[in-house]
Each structure stands twice: as structure tokens, then as C-alpha cells.
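Below is one structure, written out as C-alpha cells, with a few remarks after it.
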Amino acid sequence: MNDAVIEIERLNTRFGSAVVHRDVGFSVRRGEIFALVGASGCGKSTLLREAIVLQRPQSGSIRVFGQEVVGMDDEQALPLRRRWGVMFERGALFSALTVRENVSMVLEEHADLSAALRAEVAAVKIALTGLPADAGPKYPSELSGGMRKRAALARAMALDPELLFLDEPTAGLDPLSATGIDELVRHLRDALGLTIMMVTHDLDLLWRTADRVAVLGDGRILGIGTMAELSRSDDPLIHEYFYGPRGRAAREQAWNRK
Amino acid sequence: MTPATTPPEDDSADIRPGATPAELRCSGAWVLHALASLERRVAALPVPAERELRIDASAVSSMDTSGAWLLHRTMRALEARGATLRLEGLRPEFATLLELIAARMRAQRPTEAGAPGMLERVGRGAWEGLSGALGLLAFVGESTLAVVRSLANPRRIRWRPILYNIQTAGFEALPITGLLSFLLGIVIAYQGAEQLRRVGANIYIVDLVGLSMVRELSPLITAIIVAGRSGSAYAAQIGTMKVTEEIDALRTIGVAPLDLLVLPKVLALAIALPLLTVYTDVMGILGGMVMARPQLGVSFSTFIDRLGDAVSLTSYLIGVGKAPVFAVIIALVGCYQGFQVTGSAESVGRQTTVSVVQSIFLVILTDALFSIAFSWFGL
């Protein structure tokens with residue numbers, strides 16, 4: 001049985017003459033929290049955008065739920081998009097709608113529920129992400145950065161997806177909110193059997209939640225494995241990433257917890 | 001949902017009384033797609049007479065957050081009626097989910113604000129209208145103060161943005177304003193020709209076109225086009241800067257947004273609009289002249305000879321003199337609406353529309369007031 005949810009093979013992406021991905025390949029297994037890390041501008045977010053059919057690579061193959069998504073148009077991607085949720089880096093909440101409307105709008109499009117039931121389900125999703133009840137009727141511009149992130153997660157979770165893409169889920173959050181998010185991510189995975197693919201810089205988040213991590217650099221995968229395995233890697237770029245001052249602090253904290 | 005993506009076991013999602021009255025049986029896929037039908041079944045459950053209820057959930061095949069919430073809500077509702085519940089057979093991963101939902105829902109105190117009533121909506125609307133008018137008034141006052149301040153200290157006037165605004169709002173508007181007033185001249189001459197020919201007063205086409213263009217139409221049409229072109233741009237620019245916190249950044253750097261963003265626009269438009277009006281005067285009369293020759297046989301030289309008598313200097317100055325007033329209205333309304341933007345992309349669009357509608361309205365209103373005032377003074 002093939003239990004890979006995302007399979008990427010020989011992926012090549014170029015912007016003009018700048019090569020972003022050179023024969024990149026890896027797969028994400030069902031039920032795991034997979035993280036993609038790397039320096040800024042190394043093409044992590046581009047890869048994520050290619051997997052969710054917002055951008056097209058020059059060549060290569062990306063299969064999600066066993067279906068080839070490279071070259072799909074929006075209409076073909078729709079059945080797949082219903083099965084995954086995406087949380088964008090800056091939230092991308094619709095500014096003209098309240099938080100509750102942001103969530104219930106997704107339900108309205110894709111689920112056959114009465115208005116009252118929809119409002120209640122939306123309230124549940126909002127509660128799930130740890131937002132207070134009075135956040136529902138507020139507009140995104142009235143929320144703090146951390147609350148906006150949670151609201152974006154609530155919208156991504158609206159249809160109870162099997163696969164969740166998170167772009168920088170904790171960027172710009174205070175440590176307490178960030179901890180809340182990584183607990184939430186783990187909880188959701190354990191309880192729902194979600195597969196989560198995230199792009200992140202947050203080493204604490206990596207140590208706490210990620211089952212496997214791929215390090216992207218120089219246009220290729222420098223290393224892939226658990227955090228413990230990667231931290232023993234002798235690749236200089238990976239070493240620099242995990243043994244820089246911040247990396248060390250996060251690692252020590254992770255050991256202390258154990 | 002399309003049938004292809006609906007799991008087959010959806011139909012069996014169910015909750016019903018079990019073998020004994022003290023038992024409830026849950027089964028099937030407790031997921032979002034089945035939620036509507038499940039909720040109906042929950043509502044149709046007979047009120048259990050027993051004090052102690054056993055909920056058998058061993059037949060639940062799958063569960064997501066929506067399903068878990070419905071189970072949670074059903075259990076809380078039963079407990080509220082005084083029943084003691086015992087949940088059995090739920091798979092451990094679903095139990096974890098149920099606990100997560102229970103914990104999160106408990107952390108949340110329900111606060112329901114009702115929709116505002118009729119009276120409240122009227123009140124809010126009135127208050128918004130009033131505070132909008134007061135805000136505009138305050139903004140005009142602040143801008144006047146800023147003008148006075150910068151005139152007292154002319155070296156602090158920012159010339160570059162003024163020149164830039166003269167170029168974008170004035171020079172770049174030449175083709176469109178010129179074309180439109182030329183067409184307007186043609187239309188007036190064409191419509192007037194019919195009437196004048198009937199009474200044999202062909203030469204008075206010069207008075208008709210000249211006076212109406214110079215005194216009324218040319219300043220008005222120019223102001224309306226500039227309000228649509230530049231007033232909207234001012235509102236959108238300042239509004240977007242407000243959304244991206246650039247206005248706040250200016251304040252922290254110690255630059256008054258009014259000095260940098262509003263004054264140059266007001267001054268530039270106050271210079272550009274009269275110049276544009278002079279130009280549209282010429283283009284409009286040219287249009288009338290072109291139409292007068294074939295329609296009424298008034299040659300170009302006859303037309304120009306007559307123009308000096310038809311249009312007095314007073315009329316000409318009145319027309320051009322209105323332009324700076326219109327300019328100040330357009331620039332101030334545009335900038336003011338820009339500052340009224342709050343946070344969202346939709347708000348930028350709304351305030352931009354409001355700025356155009358409001359400035360055109362105020363321009364026409366002011367023009368009407370001018371007409372009344374001039375006839376009062378017999379000009």
C-alpha cells in the first residue's frame with residue numbers, strides 16, 4: 001500500500017536565469033508532520049505554492065493523494081483542494097468579512113448545512129484554534145497578528161481537511177501563542193490523523209512537532225530525516241542551520257524537556 | 001458535495017435509542033458531510049426517561065471536528081436535562097478529539113450580540129453622517145493652518161511633490177480634458193445651430209458657445225474629470241498608505257502627513273486646474289467654431305472677430321476664477337477620504353468611490369452657489 005500523501009520527483013523551478021529547485025524530490029507520508037526548512041529565499045514557499053497548484057514548475061512531478069498536480073487548472077484542482085487546507089504566511093483572511101464569515105464562507109461553498117448549523121460549526125473551528133468567542137464578529141483588521149494567524153488556521157480547518165499546508169505558522173507570534181499553535185498542530189494530527197506539511201523557520205516548532213524535516217538549500221534537498229538525525233549531519237549548511245546560536249538554544253531546550 | 005468525494009458510509013451516520021431505554025447508539029461516519037442529517041436525527045431523539053444513560057459509540061467509524069462537536073453538544077444537552085452519561089466504546093483517537101473539543105468549548109464563554117434594531121441603525125447612520133461632516137470640517141481647518149504655517153515659512157514648502165503633482169494631475173490630463181471639451185463645444189454648437197438658424201441669428205452662435213463654455217461648462221467639465229482622475233487617486237494612495245501603516249511611519253519619523261501628502265496636492269491642483277481650464281476654454285470654443293462653419297456658415301475669422309464682444313473679460317475671469325476653488329475642494333475631499341480608510345482593501349475602494357461622488361457633488365453645489373452670488377452682485 002502506498003501511504004505517501006505527497007510525492008515530489010525531479011522538480012525543477014527557475015525564475016528567469018535563477019534556479020530555485022534542481023531535481024528536488026521527497027515524499028510526505030500519511031499522518032506525519034513534515035517540515036520544510038532552509039534559508040530565506042531558498043524556494044520553500046515556492047515549493048509549497050507548486051504543491052497547492054498556485055504556481056507551475058518548469059519540469060518534474062508532484063503527486064498529491066496519488067494525483068499529478070503539475071499542469072492542473074483550477075477546475076481540475078477543485079476536488080483536491082476540498083481535501084486540503086492552506087494557511088498562508090500573512091493569513092490572507094478576507095478583510096471585508098468577519099472572522100466567523102471567513103470560516104463559514106468556506107462551509108457555505110462546500111458543505112450543505114443550514115445557516116444556523118454553519119454558524120455553530122464556524123464557532124467550533126474558531127474555538128478549536130484557541131480564539132476567544134468575541135473574536136468571531138470581529139474583522140481581521142481588528143485582530144492582533146497572532147489572532148489573525150489563528151483565524152487563518154480556523155479557515156484552513158473549515159472543511160476538516162486530510163492534509164494541511166502551513167506557511168510559517170508561528171512567524172510573528174509571541175512565544176506563548178507559538179507554543180499554543182504547535183500544541184494545536186500536534187493535537188490535530190493525533191486526533192484527526194491529519195497529514196501536515198509546513199514551511200517554517202521556527203526551530204522550537206521543529207523540535208516540538210516535526211516528525212521529519214527536509215532542509216532545502218542550493219536548489220536541492222541537503223538532508224532529510226528527524227531533527228535528531230539532521231542535527232548529527234555533517235553537511236556544513238545543515239550544521240550552520242542547527243548549530244547557530246538560536247539553533248543551539250532550541251536544541252538544548254528540546255533535550256531538557258526530554 | 002459531488003457524490004465522488006462523499007464517503008459511502010455517510011448514509012449510516014446515525015444516533016438512535018438502543019436495545020434498552022437507558023441506551024443510545026451512535027454509528028457511522030460522524031463527519032462534516034453527514035452533519036446536517038445527523039443534527040436532524042439528534043433533534044428527533046425522544047426525550048430519555050432514564051436518569052442514567054449509556055452511550056454506545058463503538059460503531060462510529062470515523063469522526064472529524066464537526067462530528068465530535070455534535071456529539072459533545074448532544075451530550076451537554078442531555079446532561080442539562082439532568083441525565084448522567086456514560087460514554088462507551090469510542091475509539092481512543094476519537095475520544096482524544098472529543099476531549100479537545102470539550103476543552104476548547106469550555107474555554108470559550110458564549111457572548112451573543114444581537115443584530116442592531118431599526119432605531120439603532122438609524123441612530124448609527126445619523127451619527128456617522130454627522131461625524132463625517134465634522135471630520136471634513138476639522139480637516140479643512142487643519143489644512144488651512146498647515147497652509148498658513150508653510151506660507152509663513154516658505155523654505156519648508158516641498159516643491160518636488162508639487163511639481164510632480166502638477167505633471168500628473170495637470171499635464172497628463174491635457175489629452176482627455178481637451179478632447180472632451182472640444183466635443184462639448186461641437187455638441188453645443190450643433191444643438192444651438194438648429195434654433196439660431198430658425199430666427200436667422202446665426203452670428204449669435206459665438207455668444208452661445210463662447211459664454212457657456214468660458215463661464216460655466218469648461219470649468220465644470222474640467223473639475224469633474226480631474227475629480228475622477230486625480231481626486232480618486234489621492235484617496236486611493238493615502239488610503240493604501242494608511243493600510244500599510246506608512247502614514248504612521250511618517251509620523252514616527254517626524255514628518256507631518258498633512259505637510260507631505262496633502263499640501264503639495266492642494267497647491268499643485270490649485271495651480272494646475274486654472275491652467276487646464278484656460279486650455280479647455282480654447283478647445284471648447286474651437287469645437288464650436290469647427291461646427292459653426294458647416295452648420296451656420298460662420299467663417300473662422302467672423303467667429304473670432306465676434307468672440308471679443310461676446311465674451312467679456314469679467315465672464316472669462318469668473319470662469320477661470322472658479323477653478324482654484326474647485327481644485328481645493330477636489331484635493332481636500334480626496335485626501336480626507338483617503339485618511340478615513342480603516343484597515344481593509346474593501347475600505348480603500350469604498351472611500352475612493354465616496355471621494356469621487358462627494359467631490360463632484362460639492363463642485364456642482366459650489367458652482368450653483370457661485371451663480372446665485374454673481375447674479376446677486378449683477379456680474
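Going through the C-alpha cells in order, the chains are called A, B, and so on, while each chain numbers its residues from 1 and the ligands are numbered from 1 in the order shown.
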
Check: Quick one: which residues from chain A are at most 8 Å off chain B, using only C-alpha atoms, as a PyMOL selection string?
Finding: chain A and resi 79+95-96+110-114+117+121+124-125+127-128+130+132-134+141+159-160+187-188+190-192

Just the selected residues (C-alpha atoms), exported as a PDB file, in the first residue's frame, please.
```pdb
ATOM      1  CA  PRO A  79     -11.780  18.178  -5.860  1.00  0.00           C
ATOM      2  CA  SER A  95     -10.636  41.750   5.003  1.00  0.00           C
ATOM      3  CA  ALA A  96     -14.231  42.527   4.072  1.00  0.00           C
ATOM      4  CA  HIS A 110     -18.605  23.248   0.017  1.00  0.00           C
ATOM      5  CA  ALA A 111     -20.944  21.822   2.639  1.00  0.00           C
ATOM      6  CA  ASP A 112     -24.695  21.556   2.662  1.00  0.00           C
ATOM      7  CA  LEU A 113     -25.589  22.985   6.070  1.00  0.00           C
ATOM      8  CA  SER A 114     -28.329  25.264   7.364  1.00  0.00           C
ATOM      9  CA  LEU A 117     -25.638  24.999  11.893  1.00  0.00           C
ATOM     10  CA  VAL A 121     -19.654  24.843  13.187  1.00  0.00           C
ATOM     11  CA  VAL A 124     -16.353  25.476  16.864  1.00  0.00           C
ATOM     12  CA  LYS A 125     -13.473  25.881  14.419  1.00  0.00           C
ATOM     13  CA  ALA A 127     -12.783  27.872  19.385  1.00  0.00           C
ATOM     14  CA  LEU A 128     -10.532  25.000  18.284  1.00  0.00           C
ATOM     15  CA  GLY A 130      -7.936  28.969  20.776  1.00  0.00           C
ATOM     16  CA  PRO A 132     -11.938  33.804  22.305  1.00  0.00           C
ATOM     17  CA  ALA A 133     -15.635  33.758  21.400  1.00  0.00           C
ATOM     18  CA  ASP A 134     -15.778  37.523  20.880  1.00  0.00           C
ATOM     19  CA  SER A 141      -8.053  44.389  10.780  1.00  0.00           C
ATOM     20  CA  LEU A 159     -13.712  21.520   5.859  1.00  0.00           C
ATOM     21  CA  ASP A 160     -11.805  19.141   8.157  1.00  0.00           C
ATOM     22  CA  HIS A 187      -3.274  17.641  18.825  1.00  0.00           C
ATOM     23  CA  LEU A 188      -4.977  17.862  15.473  1.00  0.00           C
ATOM     24  CA  ASP A 190      -3.091  12.909  16.809  1.00  0.00           C
ATOM     25  CA  ALA A 191      -6.834  13.295  16.968  1.00  0.00           C
ATOM     26  CA  LEU A 192      -7.678  13.554  13.284  1.00  0.00           C
TER      27      LEU A 192
END
```

Note to self: Can you pull out the residues contacting Val325 in chain B? Cut-off 12 Å, using only C-alpha atoms, and skip same-chain residues under 3 positions away; I want them as a PyMOL selection string.
What the structure shows: chain B and resi 219-220+223+266-267+269-274+318-322+328-332+359+362-367+370

Keeping N, CA and C atoms for every residue in the selection just given, could you write it to a file as a tab-separated table (two decimals), in the first residue's frame?
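What landed in part.tsv:
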```
chain	number	residue	atom	x	y	z
B	219	PRO	N	-15.01	75.19	-16.90
B	219	PRO	CA	-14.50	74.92	-15.54
B	219	PRO	C	-15.14	73.68	-14.92
B	220	LEU	N	-16.44	73.50	-15.21
B	220	LEU	CA	-17.16	72.39	-14.58
B	220	LEU	C	-16.67	71.04	-15.11
B	223	ALA	N	-13.21	70.25	-13.88
B	223	ALA	CA	-13.19	69.87	-12.47
B	223	ALA	C	-13.72	68.45	-12.31
B	266	VAL	N	-2.90	69.89	-2.75
B	266	VAL	CA	-3.80	71.04	-2.81
B	266	VAL	C	-3.18	72.16	-3.63
B	267	LEU	N	-1.91	72.48	-3.33
B	267	LEU	CA	-1.25	73.58	-4.06
B	267	LEU	C	-1.10	73.24	-5.53
B	269	LEU	N	-2.87	71.22	-7.40
B	269	LEU	CA	-4.14	71.23	-8.12
B	269	LEU	C	-4.65	72.66	-8.27
B	270	ALA	N	-4.39	73.51	-7.24
B	270	ALA	CA	-4.83	74.90	-7.32
B	270	ALA	C	-4.08	75.64	-8.44
B	271	ILE	N	-2.90	75.16	-8.78
B	271	ILE	CA	-2.17	75.75	-9.91
B	271	ILE	C	-2.61	75.12	-11.23
B	272	ALA	N	-2.75	73.78	-11.21
B	272	ALA	CA	-2.99	73.06	-12.46
B	272	ALA	C	-4.40	73.26	-13.00
B	273	LEU	N	-5.40	73.29	-12.10
B	273	LEU	CA	-6.78	73.32	-12.59
B	273	LEU	C	-7.12	74.62	-13.34
B	274	PRO	N	-6.70	75.82	-12.87
B	274	PRO	CA	-6.97	77.03	-13.66
B	274	PRO	C	-6.29	76.97	-15.03
B	318	ILE	N	-14.37	85.14	-14.30
B	318	ILE	CA	-15.25	84.39	-13.41
B	318	ILE	C	-15.05	82.89	-13.63
B	319	GLY	N	-15.00	82.50	-14.93
B	319	GLY	CA	-14.82	81.08	-15.26
B	319	GLY	C	-13.51	80.55	-14.72
B	320	VAL	N	-12.43	81.24	-15.02
B	320	VAL	CA	-11.12	80.75	-14.57
B	320	VAL	C	-11.00	80.86	-13.06
B	321	GLY	N	-11.65	81.88	-12.48
B	321	GLY	CA	-11.55	82.09	-11.04
B	321	GLY	C	-12.21	80.99	-10.22
B	322	LYS	N	-13.20	80.31	-10.82
B	322	LYS	CA	-13.82	79.21	-10.07
B	322	LYS	C	-12.87	78.03	-9.93
B	328	VAL	N	-9.31	73.12	-4.80
B	328	VAL	CA	-9.15	72.91	-3.36
B	328	VAL	C	-10.17	71.90	-2.86
B	329	ILE	N	-11.42	72.02	-3.35
B	329	ILE	CA	-12.45	71.06	-2.93
B	329	ILE	C	-12.05	69.63	-3.30
B	330	ILE	N	-11.63	69.46	-4.56
B	330	ILE	CA	-11.30	68.10	-5.03
B	330	ILE	C	-10.14	67.51	-4.23
B	331	ALA	N	-9.08	68.31	-4.07
B	331	ALA	CA	-7.90	67.79	-3.38
B	331	ALA	C	-8.21	67.49	-1.92
B	332	LEU	N	-8.94	68.39	-1.25
B	332	LEU	CA	-9.21	68.17	0.17
B	332	LEU	C	-10.14	66.97	0.38
B	359	SER	N	-16.80	64.81	-4.13
B	359	SER	CA	-16.16	66.00	-4.70
B	359	SER	C	-16.95	66.51	-5.90
B	362	LEU	N	-19.93	68.33	-4.45
B	362	LEU	CA	-19.57	69.63	-3.88
B	362	LEU	C	-19.19	70.65	-4.95
B	363	VAL	N	-18.52	70.18	-6.02
B	363	VAL	CA	-18.14	71.08	-7.10
B	363	VAL	C	-19.40	71.68	-7.75
B	364	ILE	N	-20.39	70.82	-8.04
B	364	ILE	CA	-21.60	71.33	-8.70
B	364	ILE	C	-22.38	72.25	-7.75
B	365	LEU	N	-22.43	71.85	-6.47
B	365	LEU	CA	-23.11	72.68	-5.48
B	365	LEU	C	-22.45	74.06	-5.40
B	366	THR	N	-21.12	74.07	-5.35
B	366	THR	CA	-20.40	75.33	-5.27
B	366	THR	C	-20.65	76.18	-6.50
B	367	ASP	N	-20.69	75.51	-7.67
B	367	ASP	CA	-20.94	76.23	-8.90
B	367	ASP	C	-22.30	76.91	-8.86
B	370	PHE	N	-22.08	79.89	-6.66
B	370	PHE	CA	-21.41	80.96	-7.39
B	370	PHE	C	-22.41	81.70	-8.29
```

Item checked: Contacts of range 52-61 of chain A within 10 Å, only C-alpha atoms, excl. fewer than 6 positions in-chain, as a ChimeraX atom specification -> /A:7-15,20-25,46,67-74,77,80-81,84-86,165

Note to self: Please list as a PyMOL selection string every residue within 12 Å of Gln167 in chain B, counting only C-alpha atoms and excluding residues in the same chain fewer than 3 positions away.
What the structure shows: chain B and resi 160-164+170-174+230+265+268-269+271-273+275-276

Checklist line | Which of range 126-183 of chain A DSSP labels strand (DSSP E or B), written as number ranges by chain | finding: A: 163-167

Residues from last step as file, C-alpha atoms, as a PDB file, in the first residue's frame:
```pdb
ATOM      1  CA  LEU A 163      -3.901  17.441   4.552  1.00  0.00           C
ATOM      2  CA  LEU A 164      -2.897  20.805   5.905  1.00  0.00           C
ATOM      3  CA  PHE A 165      -0.329  23.130   4.356  1.00  0.00           C
ATOM      4  CA  LEU A 166       1.051  25.685   6.776  1.00  0.00           C
ATOM      5  CA  ASP A 167       3.274  28.501   5.584  1.00  0.00           C
TER       6      ASP A 167
END
```

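Taking CA of Leu97 in chain A and CA of Tyr139 in chain A as endpoints, the distance between them is 6.3 Å.
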
Next item on the list: Within range 12-232 of chain A, find each residue whose DSSP state, derived from the backbone, is alpha helix (DSSP H), and express the selection as a PyMOL selection string.
Entry: chain A and resi 44-51+74-81+99-110+115-128+145-156+175-192+203-209+227-231

Take the residues from that selection and write them out as a short mmCIF file (atom, residue, chain, number, x, y, z; two decimals), in the first residue's frame, keeping C-alpha atoms.
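Saved as again-v9.cif:
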```cif
data_model
loop_
_atom_site.label_atom_id
_atom_site.label_comp_id
_atom_site.auth_asym_id
_atom_site.auth_seq_id
_atom_site.Cartn_x
_atom_site.Cartn_y
_atom_site.Cartn_z
CA LYS A 44 10.47 26.72 0.35
CA SER A 45 7.36 28.79 -0.15
CA THR A 46 7.66 28.37 -3.93
CA LEU A 47 7.62 24.61 -3.46
CA LEU A 48 4.56 24.90 -1.25
CA ARG A 49 2.82 27.05 -3.83
CA GLU A 50 3.62 24.50 -6.51
CA ALA A 51 2.14 21.70 -4.41
CA ASP A 74 -8.24 25.44 -11.18
CA GLU A 75 -11.23 23.36 -12.18
CA GLN A 76 -9.31 20.10 -12.12
CA ALA A 77 -7.71 21.04 -8.83
CA LEU A 78 -11.05 21.74 -7.10
CA PRO A 79 -11.78 18.18 -5.86
CA LEU A 80 -8.25 18.03 -4.45
CA ARG A 81 -8.47 21.48 -2.91
CA VAL A 99 -13.62 36.03 11.24
CA ARG A 100 -16.76 33.92 11.51
CA GLU A 101 -17.79 34.82 7.97
CA ASN A 102 -14.32 33.91 6.74
CA VAL A 103 -14.79 30.40 8.13
CA SER A 104 -18.46 29.94 7.33
CA MET A 105 -17.92 31.14 3.77
CA VAL A 106 -15.84 28.02 3.08
CA LEU A 107 -18.58 25.88 4.62
CA GLU A 108 -21.19 27.65 2.55
CA GLU A 109 -19.29 26.89 -0.66
CA HIS A 110 -18.60 23.25 0.02
CA ALA A 115 -27.25 28.81 8.21
CA ALA A 116 -27.65 28.20 11.96
CA LEU A 117 -25.64 25.00 11.89
CA ARG A 118 -22.99 26.67 9.74
CA ALA A 119 -22.59 29.47 12.26
CA GLU A 120 -22.21 26.93 15.07
CA VAL A 121 -19.65 24.84 13.19
CA ALA A 122 -17.72 28.00 12.34
CA ALA A 123 -17.75 28.93 16.04
CA VAL A 124 -16.35 25.48 16.86
CA LYS A 125 -13.47 25.88 14.42
CA ILE A 126 -12.72 29.30 15.85
CA ALA A 127 -12.78 27.87 19.38
CA LEU A 128 -10.53 25.00 18.28
CA GLY A 145 -1.11 39.32 14.37
CA GLY A 146 -1.31 36.16 16.47
CA MET A 147 -5.09 36.14 16.48
CA ARG A 148 -5.11 36.62 12.72
CA LYS A 149 -2.89 33.54 12.38
CA ARG A 150 -5.32 31.52 14.46
CA ALA A 151 -8.25 32.77 12.44
CA ALA A 152 -6.43 31.76 9.25
CA LEU A 153 -5.89 28.30 10.73
CA ALA A 154 -9.59 28.11 11.58
CA ARG A 155 -10.43 28.86 7.96
CA ALA A 156 -7.93 26.28 6.70
CA PRO A 175 6.29 32.62 22.35
CA LEU A 176 3.12 31.77 24.25
CA SER A 177 0.90 31.88 21.16
CA ALA A 178 3.52 29.98 19.18
CA THR A 179 3.51 27.24 21.81
CA GLY A 180 -0.27 27.20 21.58
CA ILE A 181 -0.04 26.73 17.82
CA ASP A 182 2.41 23.85 17.96
CA GLU A 183 0.38 22.07 20.62
CA LEU A 184 -2.67 22.58 18.48
CA VAL A 185 -0.92 21.22 15.39
CA ARG A 186 0.15 18.10 17.27
CA HIS A 187 -3.27 17.64 18.82
CA LEU A 188 -4.98 17.86 15.47
CA ARG A 189 -2.61 15.37 13.94
CA ASP A 190 -3.09 12.91 16.81
CA ALA A 191 -6.83 13.30 16.97
CA LEU A 192 -7.68 13.55 13.28
CA LEU A 203 13.43 25.83 15.39
CA ASP A 204 11.34 25.38 18.54
CA LEU A 205 8.39 24.37 16.42
CA LEU A 206 10.59 21.92 14.53
CA TRP A 207 11.89 20.26 17.68
CA ARG A 208 8.45 20.05 19.26
CA THR A 209 6.28 18.93 16.39
CA MET A 227 15.55 16.53 13.88
CA ALA A 228 17.87 14.30 15.86
CA GLU A 229 19.25 12.76 12.67
CA LEU A 230 19.69 16.09 10.97
CA SER A 231 21.43 17.63 13.93
#
```

Margin query: Just the number, please: distance in Å from CA of Ala92 in chain A to CA of Phe34 in chain A, one decimal.
Written below: 22.4 Å

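CA of Ser299 in chain B is positioned 23.5 Å from CA of Leu217 in chain B.
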
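Closest approach to Ala57 in chain B from the set B:Arg293, B:Arg81, B:Lys242, B:Arg91 is made by B:Arg91, with distances taken over only C-alpha atoms.
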